[in-house]
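Presented below is the structure to which this report refers.
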Amino acid sequence: MIYFWRILLVFSMLNLLDLIIVGIKGPMPLVWFAIIVISFILSFKKPLRYVFSHKSIKGLFFLGMTFFIIIESIIIFYSINLNIPSNADYLIVLGAGVHGETPSLTLQDRLNTAYDYLKENPHTKAILTGGQGPGETITEAEAMFRYLTNKGIPADRLLLEEQATDTVENLTYSFKLIDSSLQNPEVIVVTNKFHILRSQMIAQELEWKVHGLGSRTLYFLIPTYYLREFFAVIAEFIF
């Protein structure tokens, strides 16, 4: 087991370094730092033997690992088990940060995915959702609008929702923009693959059924985002 902790130590250090280089803030750098500290301590024989000599701790560890694997497997399953309809009534493109007036790389990936769908399905309208946060000189919705219109999507196919600050608000406010005369409208949420499960959970809580259309995630950020989503899904279940 000592090799598990040593591998985890190196893996965690690399992921923390990625976050520092990219400039991602928030709780995840602290999470990786905590994992580094724990892995460092348990990479030595004496602390490892002492900790896992307690049957209760050993049992909790293996129970936690099993629970983690189950939840991550569900997240991955929803990211690949996609049944995307053609000519849906609406796409809802979730915001993901803007640097000044420029969409972040994550948001650009979502927008490129939305663009491809809108080009292939000319009857679909898109709701671009996201307010203005720190470091953003325009709303995320406005940045998305400019990006898609610059790529040739007609402005009359794009609806802006400029108040939301999180996924719950993204979906809550976006659903209000959907034409109420439509019966059982077909709606697709565009987000990163790791985020599809939670987006569908929130939509279901709001009494809507949506499809998930996943965009790519930068490969070196995959561990961070999937680890973060584990905690987010658990919080969604609880609260």
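Letters A, B, ... mark the chains of the structure tokens in the order given; residue numbers begin at 1 per chain; ligand numbers begin at 1, in order shown.
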I'd like the contact shell of region 189-204 of chain A - 6 Å cut-off, only C-alpha atoms, skipping same-chain residues fewer than 2 positions apart - returned as a ChimeraX atom specification.
/A:75,78-79,91-94,110,206-209,212-215
Per DSSP on the backbone, what are the strand (DSSP E) residues of region 98-187 of chain A, as a PyMOL selection string?
chain A and resi 98-99+102-103+125-129+158-161+187
Expected file: the selected residues, N, CA and C atoms, as a PDB file, in the first residue's frame:
ATOM      1  N   VAL A  98     -15.176  34.316 -17.883  1.00  0.00           N
ATOM      2  CA  VAL A  98     -14.703  35.196 -18.962  1.00  0.00           C
ATOM      3  C   VAL A  98     -13.527  35.996 -18.430  1.00  0.00           C
ATOM      4  N   HIS A  99     -12.468  36.103 -19.225  1.00  0.00           N
ATOM      5  CA  HIS A  99     -11.311  36.924 -18.863  1.00  0.00           C
ATOM      6  C   HIS A  99     -11.466  38.272 -19.558  1.00  0.00           C
ATOM      7  N   THR A 102     -13.073  38.047 -23.004  1.00  0.00           N
ATOM      8  CA  THR A 102     -12.724  36.831 -23.745  1.00  0.00           C
ATOM      9  C   THR A 102     -13.179  35.592 -22.991  1.00  0.00           C
ATOM     10  N   PRO A 103     -13.956  34.729 -23.630  1.00  0.00           N
ATOM     11  CA  PRO A 103     -14.369  33.487 -22.967  1.00  0.00           C
ATOM     12  C   PRO A 103     -13.164  32.660 -22.549  1.00  0.00           C
ATOM     13  N   LYS A 125     -32.832  27.045 -31.225  1.00  0.00           N
ATOM     14  CA  LYS A 125     -32.390  28.305 -30.642  1.00  0.00           C
ATOM     15  C   LYS A 125     -31.496  27.998 -29.437  1.00  0.00           C
ATOM     16  N   ALA A 126     -30.660  28.974 -29.085  1.00  0.00           N
ATOM     17  CA  ALA A 126     -29.747  28.786 -27.962  1.00  0.00           C
ATOM     18  C   ALA A 126     -29.992  29.850 -26.901  1.00  0.00           C
ATOM     19  N   ILE A 127     -30.010  29.406 -25.656  1.00  0.00           N
ATOM     20  CA  ILE A 127     -30.065  30.314 -24.514  1.00  0.00           C
ATOM     21  C   ILE A 127     -28.667  30.361 -23.917  1.00  0.00           C
ATOM     22  N   LEU A 128     -28.072  31.544 -23.882  1.00  0.00           N
ATOM     23  CA  LEU A 128     -26.721  31.737 -23.380  1.00  0.00           C
ATOM     24  C   LEU A 128     -26.828  32.306 -21.970  1.00  0.00           C
ATOM     25  N   THR A 129     -26.379  31.550 -20.984  1.00  0.00           N
ATOM     26  CA  THR A 129     -26.664  31.933 -19.606  1.00  0.00           C
ATOM     27  C   THR A 129     -25.396  32.156 -18.794  1.00  0.00           C
ATOM     28  N   LEU A 158     -30.353  33.480 -30.797  1.00  0.00           N
ATOM     29  CA  LEU A 158     -29.666  33.496 -29.514  1.00  0.00           C
ATOM     30  C   LEU A 158     -30.432  34.333 -28.491  1.00  0.00           C
ATOM     31  N   LEU A 159     -30.698  33.748 -27.345  1.00  0.00           N
ATOM     32  CA  LEU A 159     -31.339  34.446 -26.237  1.00  0.00           C
ATOM     33  C   LEU A 159     -30.330  34.590 -25.108  1.00  0.00           C
ATOM     34  N   LEU A 160     -30.302  35.755 -24.479  1.00  0.00           N
ATOM     35  CA  LEU A 160     -29.326  36.008 -23.424  1.00  0.00           C
ATOM     36  C   LEU A 160     -29.997  35.996 -22.054  1.00  0.00           C
ATOM     37  N   GLU A 161     -29.385  35.286 -21.127  1.00  0.00           N
ATOM     38  CA  GLU A 161     -29.782  35.293 -19.715  1.00  0.00           C
ATOM     39  C   GLU A 161     -28.559  35.790 -18.955  1.00  0.00           C
ATOM     40  N   VAL A 187     -35.029  20.031 -24.845  1.00  0.00           N
ATOM     41  CA  VAL A 187     -33.987  20.951 -24.393  1.00  0.00           C
ATOM     42  C   VAL A 187     -32.688  20.185 -24.190  1.00  0.00           C
TER      43      VAL A 187
END
Which residue out of A:Leu42, A:Met1, A:Phe77, A:Ala141 has the minimum interatomic distance to Asn170 (chain A) when only C-alpha atoms are used?
A:Ala141
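The two atoms in question, CA of Gly23 (chain A) and CA of Leu227 (chain A), are spaced 17.7 Å apart.
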Would you give me, as JSON, numbers by chain, the residues in chain A that DSSP reads as helix (DSSP H, G or I)?
{"A": [2, 3, 4, 5, 6, 7, 8, 9, 10, 11, 12, 13, 14, 15, 16, 17, 18, 19, 20, 21, 22, 28, 29, 30, 31, 32, 33, 34, 35, 36, 37, 38, 39, 40, 41, 42, 45, 46, 47, 48, 49, 50, 51, 52, 55, 56, 57, 58, 59, 60, 61, 62, 63, 64, 65, 66, 67, 68, 69, 70, 71, 72, 73, 74, 75, 76, 77, 78, 79, 80, 105, 106, 107, 108, 109, 110, 111, 112, 113, 114, 115, 116, 117, 118, 119, 120, 140, 141, 142, 143, 144, 145, 146, 147, 148, 149, 150, 155, 156, 157, 167, 168, 169, 170, 171, 172, 173, 174, 175, 193, 194, 195, 196, 197, 198, 199, 200, 201, 202, 203, 204, 205, 219, 220, 221, 222, 223, 224, 225, 226, 227, 228, 229, 230, 231, 232, 233, 234, 235, 236, 237, 238]}
Ranking A:Ala155, A:Met13, A:Ala96, A:Val22 by minimum distance to Ile38 (chain A) and counting only C-alpha atoms, which one comes first?
A:Met13
